[in-house]
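Here's my_file.txt, which has compact mmCIF, C-alpha atoms (C1' of nucleotides):
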# COMPACT_ATOMS: atom_id res chain seq x y z
CA MET A 1 20.75 9.75 9.94
CA LYS A 2 19.35 7.50 7.26
CA ALA A 3 22.41 8.41 5.20
CA GLN A 4 20.61 8.68 1.85
CA ALA A 5 18.93 12.02 1.23
CA LEU A 6 22.42 13.41 0.78
CA HIS A 7 21.16 13.83 -2.74
CA GLY A 8 22.93 16.65 -4.44
CA HIS A 9 25.02 17.61 -1.46
CA LEU A 10 27.47 14.74 -1.52
CA ASP A 11 29.87 16.45 -3.91
CA ALA A 12 29.96 19.45 -1.62
CA LEU A 13 30.74 17.26 1.39
CA LEU A 14 33.58 15.55 -0.42
CA LEU A 15 35.07 18.84 -1.52
CA ALA A 16 34.76 20.17 2.02
CA VAL A 17 36.60 17.18 3.44
CA LEU A 18 39.39 17.50 0.89
CA GLU A 19 39.65 21.20 1.64
CA GLN A 20 41.53 20.33 4.80
CA GLY A 21 44.10 18.28 2.97
CA ALA A 22 44.50 15.49 0.44
CA LEU A 23 43.10 12.12 1.45
CA HIS A 24 42.59 8.72 -0.14
CA GLY A 25 39.12 7.26 -0.63
CA TYR A 26 39.02 5.07 2.42
CA ALA A 27 40.28 7.89 4.62
CA ILE A 28 37.60 10.19 3.21
CA ILE A 29 34.92 7.78 4.36
CA GLU A 30 36.45 7.68 7.82
CA SER A 31 36.80 11.44 7.93
CA LEU A 32 33.13 11.91 7.07
CA ARG A 33 32.15 9.42 9.75
CA ALA A 34 34.40 11.02 12.35
CA ARG A 35 33.44 14.63 11.68
CA SER A 36 29.75 13.75 11.76
CA ASP A 37 29.91 11.64 14.91
CA GLY A 38 29.00 8.54 12.97
CA SER A 39 25.95 10.03 11.26
CA LEU A 40 27.52 9.82 7.83
CA ASP A 41 28.63 6.27 7.19
CA LEU A 42 28.82 6.14 3.42
CA PRO A 43 29.45 2.90 1.51
CA THR A 44 32.31 2.66 -0.95
CA GLY A 45 29.78 2.26 -3.76
CA THR A 46 28.72 5.79 -3.03
CA ILE A 47 31.97 7.63 -2.64
CA TYR A 48 34.21 6.00 -5.25
CA PRO A 49 31.91 6.81 -8.15
CA ALA A 50 31.42 10.28 -6.68
CA LEU A 51 35.17 10.87 -6.58
CA ARG A 52 35.50 9.79 -10.20
CA ARG A 53 32.73 12.22 -11.08
CA LEU A 54 34.60 15.00 -9.36
CA GLU A 55 37.82 14.03 -11.10
CA ARG A 56 36.14 14.00 -14.52
CA ALA A 57 34.79 17.43 -13.68
CA GLY A 58 38.30 18.59 -12.83
CA HIS A 59 37.47 19.43 -9.23
CA VAL A 60 39.93 16.94 -7.78
CA ALA A 61 43.12 15.29 -9.00
CA SER A 62 44.36 11.88 -7.92
CA THR A 63 47.77 10.33 -7.50
CA TRP A 64 48.61 6.71 -6.80
CA SER A 65 50.97 5.59 -4.11
CA THR A 66 51.84 2.40 -2.29
CA VAL A 67 51.72 2.29 1.49
CA ASN A 68 52.52 -0.94 3.27
CA GLY A 69 52.07 -2.91 0.08
CA ARG A 70 48.61 -1.43 -0.42
CA GLU A 71 47.71 0.75 -3.35
CA ARG A 72 46.27 4.10 -2.47
CA ARG A 73 44.67 6.71 -4.64
CA THR A 74 45.00 10.08 -3.01
CA TYR A 75 42.73 12.92 -4.03
CA GLN A 76 43.47 16.60 -3.74
CA LEU A 77 41.40 19.67 -4.45
CA THR A 78 42.16 21.63 -7.62
CA ASP A 79 41.62 25.36 -8.03
CA SER A 80 38.47 24.53 -9.91
CA GLY A 81 37.42 22.36 -6.97
CA ARG A 82 38.00 25.20 -4.55
CA ARG A 83 35.82 27.48 -6.65
CA ALA A 84 33.19 24.76 -6.91
CA LEU A 85 33.23 24.36 -3.14
CA ALA A 86 32.58 28.06 -2.67
CA GLY A 87 29.62 27.77 -5.02
CA GLU A 88 28.34 24.70 -3.23
CA ARG A 89 28.58 26.52 0.09
CA ALA A 90 26.51 29.40 -1.26
CA GLY A 91 24.00 26.95 -2.69
CA TRP A 92 23.79 25.15 0.61
CA GLN A 93 23.05 28.38 2.47
CA GLU A 94 20.23 29.21 0.10
CA PHE A 95 18.86 25.71 0.30
CA ARG A 96 19.03 25.63 4.06
CA VAL A 97 17.28 28.98 4.42
CA THR A 98 14.58 28.17 1.89
CA VAL A 99 13.74 24.74 3.24
CA GLY A 100 14.17 25.98 6.78
CA ARG A 101 11.44 28.49 6.18
CA PHE A 102 9.07 25.55 5.99
CA LEU A 103 10.62 23.04 8.33
CA ASP A 104 12.48 24.90 11.04
CA PRO A 105 10.61 25.25 14.33
CA GLY A 106 9.08 28.66 14.66
CA SER A 107 8.53 28.96 10.94
CA PRO A 108 5.33 30.79 9.97
CA PRO A 109 2.70 28.50 11.49
CA VAL A 110 -0.36 30.59 10.59
CA THR A 111 1.28 33.96 10.10
CA PRO A 112 1.06 35.01 13.74
CA ALA A 113 -0.02 38.41 15.01
CA MET B 1 17.66 28.09 -6.34
CA LYS B 2 18.06 25.49 -9.05
CA ALA B 3 14.95 23.87 -7.63
CA GLN B 4 16.17 20.29 -7.98
CA ALA B 5 18.25 19.07 -5.06
CA LEU B 6 15.04 19.04 -3.08
CA HIS B 7 15.69 15.33 -3.17
CA GLY B 8 14.08 13.65 -0.25
CA HIS B 9 12.79 16.83 1.32
CA LEU B 10 9.91 17.48 -1.05
CA ASP B 11 7.46 15.37 0.90
CA ALA B 12 8.30 17.32 4.02
CA LEU B 13 7.71 20.62 2.25
CA LEU B 14 4.33 19.50 0.96
CA LEU B 15 3.27 18.31 4.39
CA ALA B 16 4.44 21.60 5.89
CA VAL B 17 2.38 23.60 3.41
CA LEU B 18 -0.72 21.53 4.07
CA GLU B 19 -0.22 21.92 7.80
CA GLN B 20 -1.61 25.43 7.52
CA GLY B 21 -4.78 24.27 5.85
CA ALA B 22 -6.10 22.14 3.01
CA LEU B 23 -5.15 23.25 -0.49
CA HIS B 24 -5.50 21.96 -4.02
CA GLY B 25 -2.50 21.08 -6.14
CA TYR B 26 -2.22 24.29 -8.07
CA ALA B 27 -2.57 26.34 -4.90
CA ILE B 28 0.17 24.29 -3.25
CA ILE B 29 2.55 25.24 -6.03
CA GLU B 30 1.69 28.89 -5.58
CA SER B 31 2.02 28.66 -1.83
CA LEU B 32 5.49 27.18 -2.13
CA ARG B 33 6.50 29.89 -4.55
CA ALA B 34 5.07 32.65 -2.36
CA ARG B 35 6.49 31.46 0.94
CA SER B 36 9.93 31.02 -0.61
CA ASP B 37 9.97 34.37 -2.40
CA GLY B 38 9.99 32.65 -5.75
CA SER B 39 12.88 30.30 -5.01
CA LEU B 40 10.71 27.23 -5.17
CA ASP B 41 8.89 27.15 -8.46
CA LEU B 42 8.02 23.50 -8.85
CA PRO B 43 6.49 22.08 -12.03
CA THR B 44 3.24 20.13 -11.89
CA GLY B 45 5.13 17.03 -12.99
CA THR B 46 6.90 17.20 -9.68
CA ILE B 47 4.14 17.90 -7.22
CA TYR B 48 1.22 15.89 -8.59
CA PRO B 49 3.07 12.59 -8.47
CA ALA B 50 4.40 13.56 -5.06
CA LEU B 51 0.89 14.21 -3.76
CA ARG B 52 -0.27 10.83 -5.03
CA ARG B 53 2.67 9.26 -3.24
CA LEU B 54 1.64 10.97 -0.03
CA GLU B 55 -1.96 9.90 -0.52
CA ARG B 56 -0.96 6.28 -1.12
CA ALA B 57 1.09 6.51 2.06
CA GLY B 58 -1.96 7.78 3.92
CA HIS B 59 -0.37 11.09 4.86
CA VAL B 60 -2.91 13.19 2.98
CA ALA B 61 -6.52 12.69 1.87
CA SER B 62 -8.09 14.30 -1.14
CA THR B 63 -11.61 15.42 -2.04
CA TRP B 64 -12.86 16.63 -5.39
CA SER B 65 -14.88 19.75 -5.85
CA THR B 66 -15.92 22.05 -8.67
CA VAL B 67 -15.16 25.74 -8.49
CA ASN B 68 -16.19 27.96 -11.39
CA GLY B 69 -16.60 24.98 -13.63
CA ARG B 70 -13.08 23.81 -12.86
CA GLU B 71 -12.31 20.54 -11.12
CA ARG B 72 -10.25 20.77 -8.02
CA ARG B 73 -8.66 18.10 -5.94
CA THR B 74 -8.13 19.40 -2.45
CA TYR B 75 -5.63 17.75 -0.17
CA GLN B 76 -5.66 17.76 3.60
CA LEU B 77 -3.26 16.40 6.17
CA THR B 78 -4.23 13.22 8.00
CA ASP B 79 -3.14 12.30 11.52
CA SER B 80 -0.58 10.04 9.96
CA GLY B 81 0.60 12.98 7.88
CA ARG B 82 0.96 15.14 10.95
CA ARG B 83 3.09 12.49 12.60
CA ALA B 84 5.11 12.11 9.42
CA LEU B 85 5.69 15.85 9.31
CA ALA B 86 7.01 15.80 12.86
CA GLY B 87 9.42 13.06 11.86
CA GLU B 88 10.45 14.93 8.73
CA ARG B 89 11.12 18.03 10.81
CA ALA B 90 13.36 16.06 13.15
CA GLY B 91 15.13 14.50 10.19
CA TRP B 92 15.63 17.90 8.62
CA GLN B 93 17.21 19.26 11.79
CA GLU B 94 19.65 16.39 11.92
CA PHE B 95 20.42 16.72 8.24
CA ARG B 96 20.95 20.44 8.48
CA VAL B 97 23.25 20.14 11.47
CA THR B 98 25.26 17.30 10.00
CA VAL B 99 25.76 18.84 6.58
CA GLY B 100 26.20 22.25 8.14
CA ARG B 101 29.15 20.92 10.07
CA PHE B 102 30.93 20.65 6.74
CA LEU B 103 29.46 23.48 4.74
CA ASP B 104 28.46 26.24 7.10
CA PRO B 105 30.94 29.12 7.34
CA GLY B 106 33.04 28.81 10.44
CA SER B 107 32.89 25.03 10.36
CA PRO B 108 36.08 23.33 11.58
CA PRO B 109 38.67 24.58 9.08
CA VAL B 110 41.66 22.77 10.51
CA THR B 111 40.51 22.12 14.06
CA PRO B 112 41.62 25.46 15.45
CA ALA B 113 43.47 25.94 18.72
C1' DT C 1 -10.95 33.14 -31.94
C1' DT C 2 -6.99 33.09 -29.93
C1' DC C 3 -4.37 33.50 -25.98
C1' DG C 4 -3.30 33.08 -21.21
C1' DA C 5 -4.43 31.84 -16.34
C1' DC C 6 -6.38 28.12 -13.95
C1' DA C 7 -6.43 22.99 -12.95
C1' DA C 8 -5.42 18.24 -13.48
C1' DG C 9 -2.61 14.62 -15.09
C1' DT C 10 0.98 11.10 -17.41
C1' DA C 11 5.13 9.09 -19.96
C1' DG C 12 9.69 8.84 -20.22
C1' DC C 13 14.29 10.45 -19.00
C1' DG C 14 18.46 11.27 -16.28
C1' DT C 15 20.87 11.60 -12.11
C1' DA C 16 22.74 9.72 -8.34
C1' DG C 17 23.07 7.13 -4.21
C1' DC C 18 22.68 2.27 -2.55
C1' DT C 19 23.15 -2.88 -2.43
C1' DA C 20 25.90 -6.44 -3.24
C1' DC C 21 29.41 -8.05 -5.16
C1' DG C 22 34.70 -9.14 -6.43
C1' DC C 23 39.81 -8.62 -5.81
C1' DA C 24 44.06 -8.04 -3.04
C1' DT C 25 47.34 -7.30 1.13
C1' DG C 26 48.77 -7.51 5.91
C1' DA C 27 48.19 -8.32 10.82
C1' DA C 28 46.18 -11.01 14.49
C1' DG C 29 44.50 -15.19 16.66
C1' DG C 30 43.34 -19.83 17.00
C1' DC D 1 48.72 -22.97 8.95
C1' DC D 2 44.51 -20.99 8.18
C1' DT D 3 40.89 -18.00 8.97
C1' DT D 4 39.24 -13.59 10.00
C1' DC D 5 39.26 -8.75 10.05
C1' DA D 6 40.76 -4.12 8.79
C1' DT D 7 42.57 -1.76 4.94
C1' DG D 8 41.91 -0.39 0.14
C1' DC D 9 40.28 -0.33 -4.63
C1' DG D 10 36.55 -0.98 -7.73
C1' DT D 11 32.01 -2.07 -10.67
C1' DA D 12 27.14 -3.71 -12.12
C1' DG D 13 22.60 -3.19 -11.52
C1' DC D 14 18.69 -1.39 -9.04
C1' DT D 15 15.68 2.04 -7.51
C1' DA D 16 13.90 6.46 -6.17
C1' DC D 17 12.60 10.65 -7.52
C1' DG D 18 12.45 15.06 -9.52
C1' DC D 19 12.23 17.09 -14.23
C1' DT D 20 10.90 17.84 -19.17
C1' DA D 21 7.42 17.80 -22.23
C1' DC D 22 3.24 16.76 -23.25
C1' DT D 23 -2.25 16.30 -23.15
C1' DT D 24 -6.94 17.60 -21.72
C1' DG D 25 -10.26 20.99 -20.36
C1' DT D 26 -12.79 25.54 -18.62
C1' DC D 27 -13.12 30.44 -18.43
C1' DG D 28 -12.21 35.33 -19.26
C1' DA D 29 -10.12 38.87 -21.95
C1' DA D 30 -8.27 40.90 -26.16

Full structure transcribed into structure tokens:
Amino acid sequence: MKAQALHGHLDALLLAVLEQGALHGYAIIESLRARSDGSLDLPTGTIYPALRRLERAGHVASTWSTVNGRERRTYQLTDSGRRALAGERAGWQEFRVTVGRFLDPGSPPVTPA
Amino acid sequence: MKAQALHGHLDALLLAVLEQGALHGYAIIESLRARSDGSLDLPTGTIYPALRRLERAGHVASTWSTVNGRERRTYQLTDSGRRALAGERAGWQEFRVTVGRFLDPGSPPVTPA
DNA sequence: TTCGACAAGTAGCGTAGCTACGCATGAAGG
DNA sequence: CCTTCATGCGTAGCTACGCTACTTGTCGAA
């Protein structure tokens, strides 16, 4: 996948990844890549600002720790984040159905008999 | 639907609408609204520039006509546009599957047994 | 004559992801 | 010893693109 075009759905993806447990930024990138079979290979310049956005919005909280002499910032979902994720999931369903009506195979080609 | 978030998929929607026959700008807006049960109510400031983009790209061609004293610019799909639509459809499938893996209900919650 | 549907269009804004950097540590390999 | 690579954080600036708000114009109805 050309990666971009995530537009508007990135926050939802991040929340979904964190739903399964707290992770630090780098691990989030790897998790996205792994769970998508390599389709989603997002650059740090995409996810770090996104995580800060989510933190400002109160959807995630971060804590610093040091592992093997390396600083890590671990993010975890807040209650607000969990609610937001539910909303994002609903939004995604609507989006997918609406767009699918035009782009899914077998969508009304000429209003068949 | 909050309309926005179409990001990157608008071109595909326009091509899909025009696949069923040539339409003028205003009619395209109405077609999108009708086929989506009102979910997609796009402003002219969104679709006119998009149509010009598609025309510059060679995916649609336009012809002017006058109906009831009103000027109309009617757009029709070109061969290039038809190919582009096929590509957009494939891209949409991949996108939908990839994002769905994170956001669809029943997606891997904790890698079940 | 005023209002609303039809029909086209643009200017400017804001959001948000991407490119391309920079910094630092630790392990591996020459 | 020194370089390279994986790990790990981060930002500045660009660009793409949809949206808001606006203009222009015809026609029919109130």

Quick one: chain A onto chain B, least squares on all Cα paired in order, result as a PDB file with C-alpha atoms, in the coordinates of the input?
ATOM      1  CA  MET A   1      17.682  28.124  -6.264  1.00  0.00           C
ATOM      2  CA  LYS A   2      18.170  25.507  -8.932  1.00  0.00           C
ATOM      3  CA  ALA A   3      14.981  23.900  -7.635  1.00  0.00           C
ATOM      4  CA  GLN A   4      16.156  20.287  -7.958  1.00  0.00           C
ATOM      5  CA  ALA A   5      18.229  19.039  -5.041  1.00  0.00           C
ATOM      6  CA  LEU A   6      14.999  19.030  -3.072  1.00  0.00           C
ATOM      7  CA  HIS A   7      15.644  15.325  -3.161  1.00  0.00           C
ATOM      8  CA  GLY A   8      14.090  13.650  -0.203  1.00  0.00           C
ATOM      9  CA  HIS A   9      12.773  16.815   1.351  1.00  0.00           C
ATOM     10  CA  LEU A  10       9.908  17.475  -1.016  1.00  0.00           C
ATOM     11  CA  ASP A  11       7.431  15.348   0.918  1.00  0.00           C
ATOM     12  CA  ALA A  12       8.266  17.284   4.050  1.00  0.00           C
ATOM     13  CA  LEU A  13       7.695  20.600   2.278  1.00  0.00           C
ATOM     14  CA  LEU A  14       4.326  19.484   0.986  1.00  0.00           C
ATOM     15  CA  LEU A  15       3.232  18.300   4.399  1.00  0.00           C
ATOM     16  CA  ALA A  16       4.404  21.574   5.917  1.00  0.00           C
ATOM     17  CA  VAL A  17       2.381  23.595   3.434  1.00  0.00           C
ATOM     18  CA  LEU A  18      -0.735  21.527   4.065  1.00  0.00           C
ATOM     19  CA  GLU A  19      -0.230  21.906   7.796  1.00  0.00           C
ATOM     20  CA  GLN A  20      -1.618  25.410   7.531  1.00  0.00           C
ATOM     21  CA  GLY A  21      -4.786  24.267   5.855  1.00  0.00           C
ATOM     22  CA  ALA A  22      -6.104  22.155   3.001  1.00  0.00           C
ATOM     23  CA  LEU A  23      -5.127  23.275  -0.482  1.00  0.00           C
ATOM     24  CA  HIS A  24      -5.494  21.998  -4.029  1.00  0.00           C
ATOM     25  CA  GLY A  25      -2.467  21.097  -6.136  1.00  0.00           C
ATOM     26  CA  TYR A  26      -2.178  24.305  -8.067  1.00  0.00           C
ATOM     27  CA  ALA A  27      -2.523  26.367  -4.903  1.00  0.00           C
ATOM     28  CA  ILE A  28       0.200  24.291  -3.250  1.00  0.00           C
ATOM     29  CA  ILE A  29       2.603  25.231  -6.016  1.00  0.00           C
ATOM     30  CA  GLU A  30       1.738  28.888  -5.568  1.00  0.00           C
ATOM     31  CA  SER A  31       2.049  28.648  -1.811  1.00  0.00           C
ATOM     32  CA  LEU A  32       5.525  27.143  -2.091  1.00  0.00           C
ATOM     33  CA  ARG A  33       6.549  29.874  -4.506  1.00  0.00           C
ATOM     34  CA  ALA A  34       5.114  32.625  -2.325  1.00  0.00           C
ATOM     35  CA  ARG A  35       6.525  31.419   0.985  1.00  0.00           C
ATOM     36  CA  SER A  36       9.967  30.977  -0.550  1.00  0.00           C
ATOM     37  CA  ASP A  37      10.036  34.319  -2.347  1.00  0.00           C
ATOM     38  CA  GLY A  38      10.043  32.600  -5.701  1.00  0.00           C
ATOM     39  CA  SER A  39      12.934  30.255  -4.932  1.00  0.00           C
ATOM     40  CA  LEU A  40      10.749  27.177  -5.112  1.00  0.00           C
ATOM     41  CA  ASP A  41       8.962  27.118  -8.436  1.00  0.00           C
ATOM     42  CA  LEU A  42       8.065  23.469  -8.817  1.00  0.00           C
ATOM     43  CA  PRO A  43       6.563  22.052 -12.023  1.00  0.00           C
ATOM     44  CA  THR A  44       3.301  20.144 -11.920  1.00  0.00           C
ATOM     45  CA  GLY A  45       5.170  17.011 -12.993  1.00  0.00           C
ATOM     46  CA  THR A  46       6.922  17.169  -9.672  1.00  0.00           C
ATOM     47  CA  ILE A  47       4.153  17.894  -7.242  1.00  0.00           C
ATOM     48  CA  TYR A  48       1.232  15.886  -8.627  1.00  0.00           C
ATOM     49  CA  PRO A  49       3.064  12.573  -8.478  1.00  0.00           C
ATOM     50  CA  ALA A  50       4.389  13.557  -5.055  1.00  0.00           C
ATOM     51  CA  LEU A  51       0.874  14.217  -3.780  1.00  0.00           C
ATOM     52  CA  ARG A  52      -0.290  10.841  -5.055  1.00  0.00           C
ATOM     53  CA  ARG A  53       2.639   9.254  -3.250  1.00  0.00           C
ATOM     54  CA  LEU A  54       1.608  10.952  -0.050  1.00  0.00           C
ATOM     55  CA  GLU A  55      -1.993   9.888  -0.542  1.00  0.00           C
ATOM     56  CA  ARG A  56      -0.997   6.259  -1.142  1.00  0.00           C
ATOM     57  CA  ALA A  57       1.039   6.487   2.035  1.00  0.00           C
ATOM     58  CA  GLY A  58      -2.011   7.781   3.882  1.00  0.00           C
ATOM     59  CA  HIS A  59      -0.407  11.080   4.828  1.00  0.00           C
ATOM     60  CA  VAL A  60      -2.941  13.180   2.952  1.00  0.00           C
ATOM     61  CA  ALA A  61      -6.531  12.694   1.828  1.00  0.00           C
ATOM     62  CA  SER A  62      -8.105  14.327  -1.203  1.00  0.00           C
ATOM     63  CA  THR A  63     -11.591  15.475  -2.063  1.00  0.00           C
ATOM     64  CA  TRP A  64     -12.883  16.691  -5.402  1.00  0.00           C
ATOM     65  CA  SER A  65     -14.863  19.842  -5.860  1.00  0.00           C
ATOM     66  CA  THR A  66     -15.907  22.115  -8.686  1.00  0.00           C
ATOM     67  CA  VAL A  67     -15.116  25.812  -8.527  1.00  0.00           C
ATOM     68  CA  ASN A  68     -16.106  28.038 -11.409  1.00  0.00           C
ATOM     69  CA  GLY A  69     -16.584  25.049 -13.666  1.00  0.00           C
ATOM     70  CA  ARG A  70     -13.076  23.822 -12.890  1.00  0.00           C
ATOM     71  CA  GLU A  71     -12.377  20.566 -11.144  1.00  0.00           C
ATOM     72  CA  ARG A  72     -10.259  20.827  -8.059  1.00  0.00           C
ATOM     73  CA  ARG A  73      -8.670  18.151  -5.961  1.00  0.00           C
ATOM     74  CA  THR A  74      -8.127  19.440  -2.473  1.00  0.00           C
ATOM     75  CA  TYR A  75      -5.639  17.756  -0.186  1.00  0.00           C
ATOM     76  CA  GLN A  76      -5.687  17.766   3.579  1.00  0.00           C
ATOM     77  CA  LEU A  77      -3.298  16.394   6.152  1.00  0.00           C
ATOM     78  CA  THR A  78      -4.287  13.203   7.970  1.00  0.00           C
ATOM     79  CA  ASP A  79      -3.214  12.308  11.495  1.00  0.00           C
ATOM     80  CA  SER A  80      -0.646  10.030   9.958  1.00  0.00           C
ATOM     81  CA  GLY A  81       0.546  12.970   7.864  1.00  0.00           C
ATOM     82  CA  ARG A  82       0.904  15.133  10.939  1.00  0.00           C
ATOM     83  CA  ARG A  83       3.012  12.465  12.611  1.00  0.00           C
ATOM     84  CA  ALA A  84       5.057  12.065   9.442  1.00  0.00           C
ATOM     85  CA  LEU A  85       5.642  15.810   9.346  1.00  0.00           C
ATOM     86  CA  ALA A  86       6.977  15.763  12.889  1.00  0.00           C
ATOM     87  CA  GLY A  87       9.366  12.997  11.880  1.00  0.00           C
ATOM     88  CA  GLU A  88      10.419  14.869   8.773  1.00  0.00           C
ATOM     89  CA  ARG A  89      11.100  17.967  10.855  1.00  0.00           C
ATOM     90  CA  ALA A  90      13.340  15.988  13.194  1.00  0.00           C
ATOM     91  CA  GLY A  91      15.099  14.432  10.222  1.00  0.00           C
ATOM     92  CA  TRP A  92      15.606  17.825   8.672  1.00  0.00           C
ATOM     93  CA  GLN A  93      17.205  19.177  11.843  1.00  0.00           C
ATOM     94  CA  GLU A  94      19.641  16.294  11.957  1.00  0.00           C
ATOM     95  CA  PHE A  95      20.419  16.639   8.290  1.00  0.00           C
ATOM     96  CA  ARG A  96      20.930  20.361   8.531  1.00  0.00           C
ATOM     97  CA  VAL A  97      23.252  20.061  11.520  1.00  0.00           C
ATOM     98  CA  THR A  98      25.268  17.218  10.036  1.00  0.00           C
ATOM     99  CA  VAL A  99      25.755  18.771   6.623  1.00  0.00           C
ATOM    100  CA  GLY A 100      26.195  22.179   8.189  1.00  0.00           C
ATOM    101  CA  ARG A 101      29.150  20.865  10.101  1.00  0.00           C
ATOM    102  CA  PHE A 102      30.918  20.600   6.769  1.00  0.00           C
ATOM    103  CA  LEU A 103      29.425  23.423   4.774  1.00  0.00           C
ATOM    104  CA  ASP A 104      28.432  26.189   7.146  1.00  0.00           C
ATOM    105  CA  PRO A 105      30.905  29.063   7.397  1.00  0.00           C
ATOM    106  CA  GLY A 106      33.018  28.764  10.483  1.00  0.00           C
ATOM    107  CA  SER A 107      32.920  24.994  10.391  1.00  0.00           C
ATOM    108  CA  PRO A 108      36.148  23.312  11.521  1.00  0.00           C
ATOM    109  CA  PRO A 109      38.591  24.610   8.910  1.00  0.00           C
ATOM    110  CA  VAL A 110      41.740  22.992  10.326  1.00  0.00           C
ATOM    111  CA  THR A 111      40.626  22.422  13.893  1.00  0.00           C
ATOM    112  CA  PRO A 112      41.682  25.840  15.160  1.00  0.00           C
ATOM    113  CA  ALA A 113      43.530  26.537  18.391  1.00  0.00           C
TER     114      ALA A 113
END

List every protein, DNA or RNA residue that has an atom no more than 10 Å from (48.3, -1.0, 3.7) in the file's coordinate frame, counting only C-alpha atoms (C1' of nucleotides), and report them as number ranges by chain. A: 66-72; C: 25-26; D: 6-8

Give me the residues within 12 Å of DA11 in chain C as a PyMOL selection string, counting all atoms listed in the file and dropping any in the same chain fewer than 5 places off. (chain B and resi 45) or (chain D and resi 20-23)

Quick one: everything within 12 Å of Asp41 in chain B, counting only C-alpha atoms (C1' of nucleotides), minus sequence neighbours fewer than 4 positions away in the same chain. Send it as a ChimeraX atom specification. /A:98 /B:1-4,6,26,28-37,45-47

Considering only C-alpha atoms (C1' of nucleotides), can you say which of A:Val99, A:Leu51, A:Leu42, A:Ala12 comes closest to chain D?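 For chain D, the nearest of the given residues is A:Leu51.
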
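Picture a line from CA of Asp11 in chain B to CA of Gly81 in chain B; it runs 10.1 Å.
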
When you get a sec, could you note down which chain C residues fall within 9 Å of chain B, using only C-alpha atoms (C1' of nucleotides), as number ranges by chain? C: 6-10

Find the residues of chain D in contact range of chain B, meaning any atom within 9 Å when counting only C-alpha atoms (C1' of nucleotides), and list them as a tab-separated table (two decimals) with C-alpha atoms (C1' of nucleotides), keeping the file's coordinate frame.
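Generated output (selection19.tsv):
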chain	number	residue	atom	x	y	z
D	17	DC	C1'	12.60	10.65	-7.52
D	18	DG	C1'	12.45	15.06	-9.52
D	19	DC	C1'	12.23	17.09	-14.23
D	20	DT	C1'	10.90	17.84	-19.17
D	25	DG	C1'	-10.26	20.99	-20.36
D	26	DT	C1'	-12.79	25.54	-18.62
D	27	DC	C1'	-13.12	30.44	-18.43

Residue among A:Leu18, A:Ala84, A:Leu103, A:Leu77 lying closest to chain B, counting all atoms listed in the file: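 Among A:Leu18, A:Ala84, A:Leu103, A:Leu77, it is A:Leu103 that comes nearest to chain B.
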
Find, counting all atoms listed in the file, the residue in A:Leu54, A:Gly100, A:Gly106, A:Trp64 that gets nearest to chain B.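 Of A:Leu54, A:Gly100, A:Gly106, A:Trp64, the one nearest chain B is A:Gly100, counting all atoms listed in the file.
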
Any idea what's packed within 12 Å of DA12 in chain D, counting only C-alpha atoms (C1' of nucleotides), ignoring anything in its chain fewer than 6 positions away? Could you give it as a ChimeraX atom specification? /A:45 /C:19-22
